$ cat data.csv   # CSV, C-alpha atoms and all ligand atoms
chain,number,residue,atom,x,y,z
Q,260,MET,CA,187.8,-22.3,-59.6
Q,261,GLY,CA,190.1,-19.9,-61.4
Q,262,LEU,CA,190.0,-16.1,-61.0
Q,263,LYS,CA,187.4,-14.2,-63.0
Q,264,ILE,CA,188.5,-10.8,-64.3
Q,265,GLY,CA,186.3,-8.6,-66.4
Q,266,VAL,CA,187.3,-5.8,-68.7
Q,267,LEU,CA,184.6,-3.1,-68.8
Q,268,GLY,CA,183.4,-3.2,-72.4
Q,269,LEU,CA,181.2,0.0,-72.6
Q,270,GLN,CA,183.6,2.1,-74.7
Q,271,GLY,CA,187.2,2.5,-75.5
Q,272,ALA,CA,190.2,0.2,-75.8
Q,273,PHE,CA,189.1,-3.0,-74.2
Q,274,THR,CA,190.1,-5.9,-76.4
Q,275,GLU,CA,193.8,-5.4,-75.9
Q,276,HIS,CA,193.3,-5.5,-72.1
Q,277,VAL,CA,191.6,-8.9,-72.5
Q,278,ASP,CA,194.7,-10.2,-74.3
Q,279,ALA,CA,197.0,-8.6,-71.7
Q,280,VAL,CA,195.2,-10.1,-68.8
Q,281,ARG,CA,195.2,-13.5,-70.5
Q,282,ALA,CA,198.9,-13.3,-71.0
Q,283,ALA,CA,199.4,-12.2,-67.4
Q,284,PHE,CA,197.5,-15.2,-66.1
Q,285,GLN,CA,199.9,-17.4,-68.1
Q,286,ARG,CA,203.0,-15.7,-67.1
Q,287,ARG,CA,202.1,-15.8,-63.4
Q,288,GLY,CA,200.9,-19.4,-63.7
Q,289,VAL,CA,197.5,-18.4,-62.3
Q,290,ALA,CA,194.3,-20.1,-63.5
Q,291,GLY,CA,191.7,-17.6,-64.6
Q,292,GLU,CA,189.3,-16.4,-67.2
Q,293,VAL,CA,188.9,-13.0,-68.7
Q,294,GLY,CA,186.3,-11.3,-71.0
Q,295,THR,CA,184.5,-8.1,-71.5
Q,296,VAL,CA,181.6,-7.2,-69.2
Q,297,ARG,CA,178.7,-4.7,-69.4
Q,298,ARG,CA,175.9,-6.1,-67.2
Q,299,ARG,CA,175.3,-5.9,-63.5
Q,300,GLU,CA,175.1,-9.6,-63.0
Q,301,GLU,CA,178.5,-10.0,-64.7
Q,302,LEU,CA,180.1,-7.3,-62.5
Q,303,ALA,CA,178.6,-8.9,-59.4
Q,304,SER,CA,180.4,-12.2,-60.0
Q,305,LEU,CA,183.9,-10.9,-60.9
Q,306,ASP,CA,187.0,-11.1,-58.8
Q,307,GLY,CA,188.5,-8.0,-60.5
Q,308,LEU,CA,187.7,-5.4,-63.1
Q,309,VAL,CA,189.8,-3.5,-65.6
Q,310,MET,CA,188.5,-0.1,-66.7
Q,311,PRO,CA,190.1,0.8,-70.0
Q,312,GLY,CA,191.1,4.0,-71.6
Q,313,GLY,CA,188.7,5.8,-73.9
Q,314,GLU,CA,186.6,8.8,-73.2
Q,315,SER,CA,185.9,9.4,-69.5
Q,316,THR,CA,182.7,11.4,-70.0
Q,317,THR,CA,181.2,8.7,-72.3
Q,318,ILE,CA,182.2,5.8,-70.0
Q,319,SER,CA,180.8,7.6,-67.0
Q,320,LYS,CA,177.5,8.2,-68.7
Q,321,LEU,CA,177.4,4.5,-69.8
Q,322,LEU,CA,178.3,3.3,-66.2
Q,323,ARG,CA,175.1,5.0,-65.0
Q,324,LYS,CA,173.0,4.0,-68.0
Q,325,PHE,CA,174.0,0.3,-67.5
Q,326,ASP,CA,173.4,0.7,-63.8
Q,327,LEU,CA,176.9,-0.2,-62.9
Q,328,HIS,CA,178.2,3.0,-61.1
Q,329,ASP,CA,176.7,2.4,-57.7
Q,330,LEU,CA,177.5,-1.4,-57.7
Q,331,LEU,CA,181.1,-0.6,-58.5
Q,332,VAL,CA,181.3,1.9,-55.6
Q,333,GLU,CA,179.6,-0.5,-53.3
Q,334,ARG,CA,181.9,-3.5,-54.2
Q,335,ALA,CA,185.0,-1.3,-53.9
Q,336,THR,CA,184.2,0.3,-50.6
Q,337,GLN,CA,182.6,-2.7,-48.9
Q,338,GLU,CA,184.8,-5.6,-50.2
Q,339,ASP,CA,188.0,-3.7,-51.4
Q,340,PHE,CA,187.1,-5.3,-54.8
Q,341,PRO,CA,190.2,-5.0,-57.1
Q,342,ILE,CA,190.0,-2.5,-60.0
Q,343,LEU,CA,192.7,-1.5,-62.5
Q,344,GLY,CA,191.9,1.8,-64.2
Q,345,THR,CA,194.0,3.0,-67.1
Q,346,CYS,CA,193.9,6.4,-68.6
Q,347,ALA,CA,190.1,7.3,-68.8
Q,348,GLY,CA,189.7,4.4,-66.2
Q,349,MET,CA,192.1,6.2,-63.9
Q,350,ILE,CA,190.2,9.5,-64.2
Q,351,LEU,CA,187.0,7.7,-63.2
Q,352,LEU,CA,188.7,6.1,-60.1
Q,353,SER,CA,189.7,9.5,-58.8
Q,354,ARG,CA,187.9,11.6,-56.2
Q,355,GLU,CA,188.5,15.0,-57.8
Q,356,GLY,CA,188.6,16.1,-61.4
Q,357,ASP,CA,189.4,19.3,-63.1
Q,358,GLY,CA,187.2,22.0,-64.6
Q,359,GLN,CA,186.6,19.9,-67.7
Q,360,VAL,CA,185.4,17.0,-65.7
Q,361,GLU,CA,183.0,19.3,-63.9
Q,362,LYS,CA,181.8,21.0,-67.1
Q,363,THR,CA,181.0,17.7,-68.8
Q,364,GLU,CA,179.2,16.4,-65.7
Q,365,THR,CA,181.4,13.4,-65.6
Q,366,ARG,CA,180.6,11.5,-62.4
Q,367,LEU,CA,183.7,10.1,-60.9
Q,368,LEU,CA,183.6,7.0,-58.8
Q,369,GLY,CA,185.7,8.6,-56.1
Q,370,LEU,CA,187.5,5.4,-55.1
Q,371,MET,CA,191.0,6.9,-54.9
Q,372,ASP,CA,192.1,9.9,-52.9
Q,373,MET,CA,193.6,11.8,-55.7
Q,374,ALA,CA,192.9,14.8,-58.0
Q,375,VAL,CA,193.5,14.4,-61.7
Q,376,ASN,CA,193.9,16.6,-64.7
Q,377,ARG,CA,192.0,15.0,-67.5
Q,378,ASN,CA,194.2,16.1,-70.5
Q,379,ALA,CA,197.3,16.9,-68.7
Q,380,PHE,CA,199.8,17.0,-71.5
Q,381,GLY,CA,198.1,19.4,-73.9
Q,382,ARG,CA,197.9,19.3,-77.6
Q,383,GLN,CA,201.5,19.4,-78.6
Q,384,ARG,CA,202.1,16.2,-76.7
Q,385,GLU,CA,198.9,14.3,-77.5
Q,386,SER,CA,200.7,11.0,-77.5
Q,387,PHE,CA,204.2,10.0,-76.6
Q,388,GLU,CA,206.1,7.1,-75.0
Q,389,ALA,CA,208.3,7.1,-72.0
Q,390,MET,CA,210.1,4.6,-69.8
Q,391,LEU,CA,208.9,4.9,-66.2
Q,392,ASP,CA,210.4,3.8,-62.9
Q,393,LEU,CA,207.4,2.5,-60.9
Q,394,LYS,CA,207.5,1.4,-57.3
Q,395,GLY,CA,207.6,-2.4,-57.0
Q,396,PHE,CA,208.9,-2.9,-60.5
Q,397,ASP,CA,212.5,-3.9,-60.8
Q,398,ALA,CA,213.0,-2.5,-64.3
Q,399,PRO,CA,211.5,0.6,-66.1
Q,400,VAL,CA,208.0,0.1,-67.5
Q,401,PRO,CA,207.2,1.4,-71.0
Q,402,GLY,CA,204.4,3.8,-71.0
Q,403,VAL,CA,202.3,4.8,-74.0
Q,404,PHE,CA,200.5,8.1,-73.2
Q,405,ILE,CA,197.5,9.0,-75.4
Q,406,ARG,CA,195.7,12.2,-74.4
Q,407,ALA,CA,196.7,11.1,-71.0
Q,408,PRO,CA,195.6,12.4,-67.6
Q,409,ALA,CA,198.0,13.0,-64.7
Q,410,VAL,CA,197.5,12.9,-61.0
Q,411,ILE,CA,197.9,16.4,-59.5
Q,412,ARG,CA,197.9,15.3,-55.9
Q,413,THR,CA,197.2,12.4,-53.7
Q,414,TRP,CA,196.2,12.3,-50.0
Q,415,GLY,CA,194.9,9.8,-47.4
Q,416,ALA,CA,195.6,6.2,-48.3
Q,417,CYS,CA,196.4,6.8,-51.9
Q,418,GLU,CA,200.1,6.1,-52.6
Q,419,PRO,CA,201.9,7.4,-55.7
Q,420,LEU,CA,203.8,4.7,-57.5
Q,421,GLY,CA,205.8,6.8,-60.0
Q,422,THR,CA,206.2,10.0,-61.9
Q,423,LEU,CA,206.9,11.0,-65.4
Q,424,TYR,CA,210.1,13.0,-65.9
Q,425,VAL,CA,209.4,16.2,-67.9
Q,426,ALA,CA,212.2,18.5,-68.8
Q,427,GLU,CA,210.0,21.6,-68.6
Q,428,ALA,CA,207.2,22.3,-66.2
Q,429,ILE,CA,203.7,21.8,-67.7
Q,430,PRO,CA,201.4,24.7,-67.3
Q,431,GLY,CA,198.9,23.9,-64.5
Q,432,ILE,CA,200.6,20.6,-63.8
Q,433,GLY,CA,204.2,21.4,-62.9
Q,434,HIS,CA,207.2,19.1,-62.9
Q,435,ASP,CA,207.2,15.3,-63.0
Q,436,PRO,CA,203.5,14.5,-62.6
Q,437,ILE,CA,202.4,11.3,-60.9
Q,438,VAL,CA,201.3,8.7,-63.5
Q,439,ALA,CA,200.6,5.7,-61.3
Q,440,ALA,CA,199.0,5.3,-57.9
Q,441,ARG,CA,197.5,2.6,-55.7
Q,442,GLN,CA,195.0,2.7,-52.9
Q,443,GLY,CA,194.0,-0.6,-51.4
Q,444,ASN,CA,193.1,-2.8,-54.3
Q,445,ARG,CA,192.7,0.0,-56.7
Q,446,LEU,CA,195.4,0.7,-59.2
Q,447,GLY,CA,195.3,3.9,-61.3
Q,448,ILE,CA,197.6,4.1,-64.4
Q,449,ALA,CA,197.7,7.2,-66.6
Q,450,PHE,CA,199.1,5.4,-69.6
Q,451,HIS,CA,198.2,2.4,-71.7
Q,452,PRO,CA,200.0,-0.7,-70.4
Q,453,GLU,CA,197.9,-3.0,-72.7
Q,454,LEU,CA,199.6,-1.6,-75.9
Q,455,THR,CA,203.2,-2.6,-75.3
Q,456,GLY,CA,203.4,-6.3,-74.9
Q,457,ASP,CA,205.0,-5.7,-71.5
Q,458,THR,CA,202.4,-7.3,-69.2
Q,459,ARG,CA,203.9,-6.5,-65.9
Q,460,VAL,CA,201.2,-4.0,-64.8
Q,461,HIS,CA,198.6,-6.6,-65.6
Q,462,GLU,CA,200.6,-9.3,-63.8
Q,463,ARG,CA,200.7,-7.0,-60.7
Q,464,PHE,CA,196.9,-6.7,-61.0
Q,465,VAL,CA,196.5,-10.4,-61.3
Q,466,GLU,CA,198.5,-10.9,-58.2
Q,467,MET,CA,196.3,-8.4,-56.3
Q,468,VAL,CA,193.2,-10.2,-57.5
Q,469,ASP,CA,194.7,-13.5,-56.5
Q,470,ALA,CA,195.5,-12.2,-53.0
Q,471,TRP,CA,192.1,-10.7,-52.7
Q,472,ARG,CA,190.4,-14.0,-53.6
Q,473,ARG,CA,192.5,-15.9,-51.0
Q,474,ARG,CA,191.7,-13.3,-48.2
Q,501,LIG,N1,191.9,12.2,-71.6
Q,501,LIG,C1,190.9,11.3,-72.0
Q,501,LIG,C2,189.6,11.5,-71.2
Q,501,LIG,O1,189.4,12.5,-70.7
Q,501,LIG,C3,191.4,9.9,-71.7
Q,501,LIG,C4,192.3,9.4,-72.8
Q,501,LIG,C5,192.5,8.0,-72.9
Q,501,LIG,O2,191.9,7.2,-72.2
Q,501,LIG,N2,193.3,7.5,-73.8
Q,501,LIG,O3,188.7,10.7,-71.1
$ encode --input "data.csv" --output "structure tokens" --more "lines below"
Ligand code: GLN
Amino acid sequence: MGLKIGVLGLQGAFTEHVDAVRAAFQRRGVAGEVGTVRRREELASLDGLVMPGGESTTISKLLRKFDLHDLLVERATQEDFPILGTCAGMILLSREGDGQVEKTETRLLGLMDMAVNRNAFGRQRESFEAMLDLKGFDAPVPGVFIRAPAVIRTWGACEPLGTLYVAEAIPGIGHDPIVAARQGNRLGIAFHPELTGDTRVHERFVEMVDAWRRR
């Protein structure tokens, strides 16, 4: 049986991720199916989950409302279940948020040893694109940043995979923030890899899911 990857379809930009995972299956020559998921039974039967961008407070509320929060934490901590979190999804994977995360009572999943700033790039740079050198990728990856978060620091088993070059230090963030990280089978990406047609991030995730299934 092929791999089963779900894209969390509670809120945000999920349809593009479905297409990107499908393309990644094809490009890697891996048999698999992908669709949006919202229910516990669906989450329980997956080999991997993509948590899309959107609004982290809303997604966190819906994760609890749909009774998915604890199951996700359980599967990740007990089985090292693969999760790709992009943008808002990356915020939710983190262990520590910023003041805004606290104020909005966003409940993070705490699955990656890193602290994030939820809207790291401020108003004047709400969205932008940049080429990124990411560890394990042989050529720069295009990154679309939309009200994007950044990783302020990592510790423990969380490994930074790349930074964004910024000419001037960003207040409260500093120079060259981390924009991609990995911990076990969790991959946190600050940008939107589903919007560029470059499916290498999704291909990497498909490989992780494939390896996890063969474990
Ligand atoms: N900064 C947003 C948040 O706090 C995330 C933006 C995005 O996912 N495009 O949820």
$ atom_distance --input "data.csv" --atom1 "CA of Ala335 in chain Q" --atom2 "CA of Lys362 in chain Q"
26.1 Å
$ atom_distance --input "data.csv" --atom1 "CA of Ser319 in chain Q" --atom2 "CA of Glu385 in chain Q"
22.0 Å
$ atom_distance --input "data.csv" --atom1 "CA of Phe325 in chain Q" --atom2 "CA of Ala272 in chain Q"
18.2 Å
$ residues_near_ligand --input "data.csv" --ligand "ligand LIG 501 (chain Q)" --cutoff "6 Å" --atoms "all atoms listed in the file" --output "ChimeraX atom specification"
/Q:312-315,346-347,377-378,405-408
$ closest_residue --input "data.csv" --among "Q:His434, Q:Arg281, Q:Arg354, Q:His461" --to "Val332 in chain Q" --atoms "all atoms listed in the file"
Q:Arg354
$ residues_around --input "data.csv" --residues "range 413-422 of chain Q" --least-positions-apart "3" --cutoff "7 Å" --atoms "only C-alpha atoms" --output "PyMOL selection string"
chain Q and resi 371-374+392-394+435-442
$ write_last_selection --input "data.csv" --atoms "C-alpha atoms" --output "short mmCIF file (atom, residue, chain, number, x, y, z; two decimals), in the coordinates of the input"
data_model
loop_
_atom_site.label_atom_id
_atom_site.label_comp_id
_atom_site.auth_asym_id
_atom_site.auth_seq_id
_atom_site.Cartn_x
_atom_site.Cartn_y
_atom_site.Cartn_z
CA MET Q 371 191.00 6.90 -54.90
CA ASP Q 372 192.10 9.90 -52.90
CA MET Q 373 193.60 11.80 -55.70
CA ALA Q 374 192.90 14.80 -58.00
CA ASP Q 392 210.40 3.80 -62.90
CA LEU Q 393 207.40 2.50 -60.90
CA LYS Q 394 207.50 1.40 -57.30
CA ASP Q 435 207.20 15.30 -63.00
CA PRO Q 436 203.50 14.50 -62.60
CA ILE Q 437 202.40 11.30 -60.90
CA VAL Q 438 201.30 8.70 -63.50
CA ALA Q 439 200.60 5.70 -61.30
CA ALA Q 440 199.00 5.30 -57.90
CA ARG Q 441 197.50 2.60 -55.70
CA GLN Q 442 195.00 2.70 -52.90
#
$ closest_residue --input "data.csv" --among "Q:Gln337, Q:Gln359, Q:Ser386, Q:Thr274" --to "Asn444 in chain Q" --atoms "all atoms listed in the file"
Q:Gln337
$ residues_near_point --input "data.csv" --point "(207.6, 7.5, -72.0)" --cutoff "12 Å" --atoms "only C-alpha atoms" --output "MDAnalysis selection string"
chainID Q and resid 384 386:392 399:405 407 422:425 435 438 449:452 455
$ closest_residue --input "data.csv" --among "Q:Phe340, Q:Arg287, Q:Gly261, Q:Gln270" --to "Arg474 in chain Q" --atoms "all atoms listed in the file"
Q:Phe340
$ residues_around --input "data.csv" --residues "Asp469 in chain Q" --least-positions-apart "3" --cutoff "12 Å" --atoms "all atoms listed in the file" --output "list in words"
Met260, Gly261, Leu262, Lys263, Ile264, Ala283, Phe284, Arg287, Gly288, Val289, Ala290, Gly291, Leu305, Asp306, Gly307, Phe340, Pro341, Asn444, Glu462, Arg463, Phe464, Val465, Glu466, Arg472, Arg473 and Arg474 of chain Q
$ decode --input "data.csv" --residues "range 411-430 of chain Q" --atoms "N, CA and C atoms" --output "CSV table (one decimal), in the first residue's frame"
chain,number,residue,atom,x,y,z
Q,411,ILE,N,13.8,32.1,16.5
Q,411,ILE,CA,14.7,33.0,17.2
Q,411,ILE,C,15.9,32.2,17.8
Q,412,ARG,N,15.6,31.0,18.3
Q,412,ARG,CA,16.7,30.1,18.7
Q,412,ARG,C,16.2,28.7,18.7
Q,413,THR,N,17.2,27.8,18.6
Q,413,THR,CA,16.9,26.4,18.7
Q,413,THR,C,17.8,25.8,19.8
Q,414,TRP,N,17.4,24.7,20.4
Q,414,TRP,CA,18.2,24.0,21.3
Q,414,TRP,C,17.9,22.5,21.2
Q,415,GLY,N,18.6,21.7,22.1
Q,415,GLY,CA,18.3,20.3,22.1
Q,415,GLY,C,18.5,19.6,20.8
Q,416,ALA,N,17.6,18.8,20.4
Q,416,ALA,CA,17.7,18.0,19.1
Q,416,ALA,C,17.2,18.8,17.9
Q,417,CYS,N,16.9,20.0,18.0
Q,417,CYS,CA,16.4,20.8,16.9
Q,417,CYS,C,17.6,21.4,16.1
Q,418,GLU,N,17.6,21.1,14.8
Q,418,GLU,CA,18.7,21.5,14.0
Q,418,GLU,C,18.3,22.5,12.9
Q,419,PRO,N,18.9,23.7,13.0
Q,419,PRO,CA,18.6,24.7,12.0
Q,419,PRO,C,19.1,24.2,10.6
Q,420,LEU,N,18.3,24.5,9.6
Q,420,LEU,CA,18.6,24.0,8.2
Q,420,LEU,C,19.0,25.2,7.3
Q,421,GLY,N,18.7,26.4,7.8
Q,421,GLY,CA,19.0,27.6,6.9
Q,421,GLY,C,18.6,28.9,7.5
Q,422,THR,N,19.2,29.9,7.0
Q,422,THR,CA,18.8,31.3,7.5
Q,422,THR,C,18.5,32.1,6.3
Q,423,LEU,N,17.9,33.2,6.6
Q,423,LEU,CA,17.5,34.2,5.5
Q,423,LEU,C,18.5,35.4,5.7
Q,424,TYR,N,19.2,35.7,4.6
Q,424,TYR,CA,20.1,36.8,4.7
Q,424,TYR,C,19.3,38.1,4.8
Q,425,VAL,N,19.6,39.0,5.8
Q,425,VAL,CA,19.0,40.3,5.8
Q,425,VAL,C,20.0,41.4,5.9
Q,426,ALA,N,20.0,42.4,5.1
Q,426,ALA,CA,21.0,43.4,5.1
Q,426,ALA,C,21.1,44.1,6.4
Q,427,GLU,N,20.0,44.4,7.0
Q,427,GLU,CA,20.0,45.2,8.3
Q,427,GLU,C,19.3,44.3,9.3
Q,428,ALA,N,19.8,44.4,10.5
Q,428,ALA,CA,19.3,43.7,11.6
Q,428,ALA,C,17.8,44.0,11.8
Q,429,ILE,N,16.9,43.0,12.1
Q,429,ILE,CA,15.5,43.3,12.3
Q,429,ILE,C,15.3,43.5,13.8
Q,430,PRO,N,14.6,44.6,14.3
Q,430,PRO,CA,14.4,44.8,15.7
Q,430,PRO,C,13.8,43.5,16.4
